[in-house]
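Engineer: Handing you a structure now.
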Amino acid sequence: MIEINLVPLHLRKKEAGGIWSSVGIPKVILFGVGGIFITLLVLMHGLLISLWVIQSTRHAIYQVIWQKMSPDKNNIDSINKELQDLKDRTSTIGDIASKKAILWSQKLNILSDTMPKEVWLKKVAWNNNVLTVEGSAVSKLRDEISIVGNFVSDLKKEESFVKDFSSLELTSVTRSKKGVTETADFIITAKVK
């Protein structure tokens, strides 16, 4: 079809095309490029959603596997703790039995020889290089605390007893009543050098 326009050129209406018409790119190509760009954005969005779903599914699967493994892990942790305790005990026994070992029979004999008749021992323990002696004292004259003090003082005077210890201290003394009898319960600690 032939179009005839008799209006002079300077009075004619210019077509609205904006900036793209001055570049010379046809509208069809612009719409095609815009459509391809929007399609790519939609595809990228779909791809990202797919990746998120896959990762969420993997995470859920790993959560289920972790829940199934949790009791076994707790058992292994408790076994490892027991093993470490046994290693510590073995190390302590090895320290006791080594060349630089303390002659415990001699120490216990001295402890027994210096102990007054008003004192009895409830517990003698060795833990973390500390000797702990727990006992009680009783006296008709109600001087249990001085008896315990004299006992500790006598132990400190025994050179063969204190030579392996860096300190020998009366950690605590408390009065208690057993029936009608008053006693003084005490704890003595001695740290190995």
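Labels for the structure tokens follow display order: chains A, B, ..., residues from 1 in each chain, ligands from 1.
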Near Glu159 of chain A, within 12 Å and counting only C-alpha atoms, which residues show up once chain neighbours fewer than 5 positions away are dropped, as JSON, numbers by chain?

Structural biologist: {"A": [106, 107, 110, 153, 154, 164, 165, 168]}

Engineer: Export, as a PDB file, in the first residue's frame, the selected residues with N, CA and C atoms.

Structural biologist:
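Contents of part38.pdb, freshly written:
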```pdb
ATOM      1  N   GLN A 106      56.224 -47.122 104.466  1.00  0.00           N
ATOM      2  CA  GLN A 106      56.910 -46.366 105.506  1.00  0.00           C
ATOM      3  C   GLN A 106      56.051 -45.200 105.983  1.00  0.00           C
ATOM      4  N   LYS A 107      55.435 -44.491 105.032  1.00  0.00           N
ATOM      5  CA  LYS A 107      54.582 -43.349 105.389  1.00  0.00           C
ATOM      6  C   LYS A 107      53.398 -43.805 106.246  1.00  0.00           C
ATOM      7  N   ILE A 110      54.521 -44.636 109.800  1.00  0.00           N
ATOM      8  CA  ILE A 110      54.747 -43.419 110.590  1.00  0.00           C
ATOM      9  C   ILE A 110      53.413 -42.812 110.992  1.00  0.00           C
ATOM     10  N   SER A 153      51.232 -31.806 114.249  1.00  0.00           N
ATOM     11  CA  SER A 153      52.561 -31.320 114.620  1.00  0.00           C
ATOM     12  C   SER A 153      53.560 -32.468 114.707  1.00  0.00           C
ATOM     13  N   ASP A 154      53.137 -33.598 115.276  1.00  0.00           N
ATOM     14  CA  ASP A 154      54.025 -34.765 115.357  1.00  0.00           C
ATOM     15  C   ASP A 154      54.364 -35.308 113.969  1.00  0.00           C
ATOM     16  N   ASP A 164      58.899 -36.072 101.250  1.00  0.00           N
ATOM     17  CA  ASP A 164      58.372 -36.136  99.878  1.00  0.00           C
ATOM     18  C   ASP A 164      57.232 -35.157  99.623  1.00  0.00           C
ATOM     19  N   PHE A 165      56.828 -34.418 100.658  1.00  0.00           N
ATOM     20  CA  PHE A 165      55.683 -33.511 100.519  1.00  0.00           C
ATOM     21  C   PHE A 165      56.144 -32.059 100.528  1.00  0.00           C
ATOM     22  N   LEU A 168      52.169 -29.941 104.284  1.00  0.00           N
ATOM     23  CA  LEU A 168      51.353 -30.831 105.111  1.00  0.00           C
ATOM     24  C   LEU A 168      50.498 -29.911 105.962  1.00  0.00           C
TER      25      LEU A 168
END
```

Engineer: Identify, on the basis of only C-alpha atoms, every residue whose closest approach to segment 124-140 of chain A does not exceed 6 Å; exclude the query and any residue fewer than 2 positions from it along the same chain; express the result as a PDB file with N, CA and C atoms, in the first residue's frame.

Structural biologist:
```
ATOM      1  N   GLU A 118      43.395 -41.439 120.983  1.00  0.00           N
ATOM      2  CA  GLU A 118      42.094 -40.759 120.892  1.00  0.00           C
ATOM      3  C   GLU A 118      41.693 -40.478 119.438  1.00  0.00           C
ATOM      4  N   VAL A 119      42.540 -40.784 118.493  1.00  0.00           N
ATOM      5  CA  VAL A 119      42.307 -40.483 117.073  1.00  0.00           C
ATOM      6  C   VAL A 119      42.109 -41.779 116.307  1.00  0.00           C
ATOM      7  N   TRP A 120      41.152 -41.778 115.395  1.00  0.00           N
ATOM      8  CA  TRP A 120      41.002 -42.891 114.465  1.00  0.00           C
ATOM      9  C   TRP A 120      40.802 -42.329 113.067  1.00  0.00           C
ATOM     10  N   LEU A 121      41.253 -43.093 112.083  1.00  0.00           N
ATOM     11  CA  LEU A 121      41.190 -42.651 110.689  1.00  0.00           C
ATOM     12  C   LEU A 121      39.990 -43.278 109.994  1.00  0.00           C
ATOM     13  N   LYS A 122      39.323 -42.466 109.172  1.00  0.00           N
ATOM     14  CA  LYS A 122      38.185 -42.954 108.389  1.00  0.00           C
ATOM     15  C   LYS A 122      38.577 -43.204 106.940  1.00  0.00           C
ATOM     16  N   ARG A 142      37.557 -33.129 126.587  1.00  0.00           N
ATOM     17  CA  ARG A 142      37.028 -32.216 125.564  1.00  0.00           C
ATOM     18  C   ARG A 142      38.132 -31.346 124.933  1.00  0.00           C
ATOM     19  N   GLU A 144      39.660 -32.278 121.975  1.00  0.00           N
ATOM     20  CA  GLU A 144      39.835 -33.002 120.707  1.00  0.00           C
ATOM     21  C   GLU A 144      40.628 -32.188 119.688  1.00  0.00           C
ATOM     22  N   THR A 183      32.881 -35.233 119.014  1.00  0.00           N
ATOM     23  CA  THR A 183      34.105 -35.573 118.293  1.00  0.00           C
ATOM     24  C   THR A 183      34.569 -34.376 117.479  1.00  0.00           C
ATOM     25  N   ALA A 184      35.826 -34.430 117.090  1.00  0.00           N
ATOM     26  CA  ALA A 184      36.382 -33.437 116.168  1.00  0.00           C
ATOM     27  C   ALA A 184      36.775 -34.176 114.893  1.00  0.00           C
ATOM     28  N   ASP A 185      36.069 -33.890 113.806  1.00  0.00           N
ATOM     29  CA  ASP A 185      36.374 -34.499 112.513  1.00  0.00           C
ATOM     30  C   ASP A 185      37.396 -33.618 111.805  1.00  0.00           C
ATOM     31  N   PHE A 186      38.405 -34.222 111.218  1.00  0.00           N
ATOM     32  CA  PHE A 186      39.480 -33.442 110.608  1.00  0.00           C
ATOM     33  C   PHE A 186      39.860 -34.015 109.252  1.00  0.00           C
ATOM     34  N   ILE A 187      40.494 -33.142 108.449  1.00  0.00           N
ATOM     35  CA  ILE A 187      41.052 -33.536 107.154  1.00  0.00           C
ATOM     36  C   ILE A 187      42.460 -32.957 107.071  1.00  0.00           C
ATOM     37  N   ILE A 188      43.419 -33.820 106.783  1.00  0.00           N
ATOM     38  CA  ILE A 188      44.818 -33.419 106.607  1.00  0.00           C
ATOM     39  C   ILE A 188      45.183 -33.665 105.150  1.00  0.00           C
ATOM     40  N   THR A 189      45.799 -32.683 104.500  1.00  0.00           N
ATOM     41  CA  THR A 189      46.240 -32.866 103.115  1.00  0.00           C
ATOM     42  C   THR A 189      47.743 -32.651 103.036  1.00  0.00           C
ATOM     43  N   ALA A 190      48.382 -33.448 102.186  1.00  0.00           N
ATOM     44  CA  ALA A 190      49.820 -33.342 101.953  1.00  0.00           C
ATOM     45  C   ALA A 190      50.066 -33.411 100.452  1.00  0.00           C
ATOM     46  N   LYS A 191      50.654 -32.341  99.889  1.00  0.00           N
ATOM     47  CA  LYS A 191      50.925 -32.283  98.452  1.00  0.00           C
ATOM     48  C   LYS A 191      52.333 -32.795  98.174  1.00  0.00           C
ATOM     49  N   VAL A 192      52.438 -33.629  97.166  1.00  0.00           N
ATOM     50  CA  VAL A 192      53.741 -34.190  96.797  1.00  0.00           C
ATOM     51  C   VAL A 192      54.557 -33.118  96.081  1.00  0.00           C
TER      52      VAL A 192
END
```

Engineer: Taking the chain letters and numbering used in this document, name the residues of chain A that DSSP puts in alpha helix (DSSP H), as a ChimeraX atom specification.

Structural biologist: /A:18-23,27-97,104-114,144-157,159-162

Engineer: So the first atom is atom CA of Pro71 of chain A and the second is atom CA of Arg89 of chain A; what is the distance between them in Å, to one decimal place?

Structural biologist: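 Calculated distance between atom CA of Pro71 of chain A and atom CA of Arg89 of chain A is 27.2 Å.
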
Engineer: Please give the complete set of residues from chain A that DSSP, run on the backbone, assigns to strand (DSSP E), formatted as a ChimeraX atom specification.

Structural biologist: /A:119-127,130-138,165-178,181-192

Engineer: Find the distance between atom CA of Ser70 of chain A and atom CA of Leu83 of chain A and write it in Å to one decimal.

Structural biologist: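 Distance between the two atoms: 19.8 Å.
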
Engineer: Give me the residues near Lys157 of chain A as a list in words, where near means some atom within 12 Å (using only C-alpha atoms) and where sequence neighbours in that chain fewer than 4 positions away do not count.

Structural biologist: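 Counting only the stated atoms, we get Ile110, Leu111, Thr114, Asn150, Phe151, Val152, Ser153, Phe161, Val162, Lys163 and Leu168 of chain A.
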
Engineer: Please produce a file of the residues just selected, as an mmCIF file, in the first residue's frame, where the atoms kept are C-alpha atoms.

Structural biologist:
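Once written, part-v6.cif looks like this:
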```
data_model
loop_
_atom_site.group_PDB
_atom_site.id
_atom_site.type_symbol
_atom_site.label_atom_id
_atom_site.label_comp_id
_atom_site.auth_asym_id
_atom_site.auth_seq_id
_atom_site.Cartn_x
_atom_site.Cartn_y
_atom_site.Cartn_z
ATOM 1 C CA ILE A 110 54.747 -43.419 110.590
ATOM 2 C CA LEU A 111 51.126 -42.283 110.349
ATOM 3 C CA THR A 114 52.312 -41.012 115.576
ATOM 4 C CA ASN A 150 49.367 -32.246 118.227
ATOM 5 C CA PHE A 151 48.900 -35.150 115.782
ATOM 6 C CA VAL A 152 49.621 -32.886 112.790
ATOM 7 C CA SER A 153 52.561 -31.320 114.620
ATOM 8 C CA PHE A 161 57.246 -38.622 106.524
ATOM 9 C CA VAL A 162 57.398 -35.019 105.259
ATOM 10 C CA LYS A 163 60.473 -35.312 102.995
ATOM 11 C CA LEU A 168 51.353 -30.831 105.111
#
```

Engineer: Quick one: distance from atom CA of Leu108 of chain A to atom CA of Glu158 of chain A in Å, one decimal?

Structural biologist: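 Computing it gives 12.2 Å between the two atoms.
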
Engineer: Name the closest residue to Ser105 of chain A among the candidates A:Ile79, A:Glu182, A:Ser160, A:Lys27; distances are taken between atoms, counting only C-alpha atoms.

Structural biologist: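 Going through A:Ile79, A:Glu182, A:Ser160, A:Lys27 one by one, the smallest distance to Ser105 of chain A is for A:Ser160.
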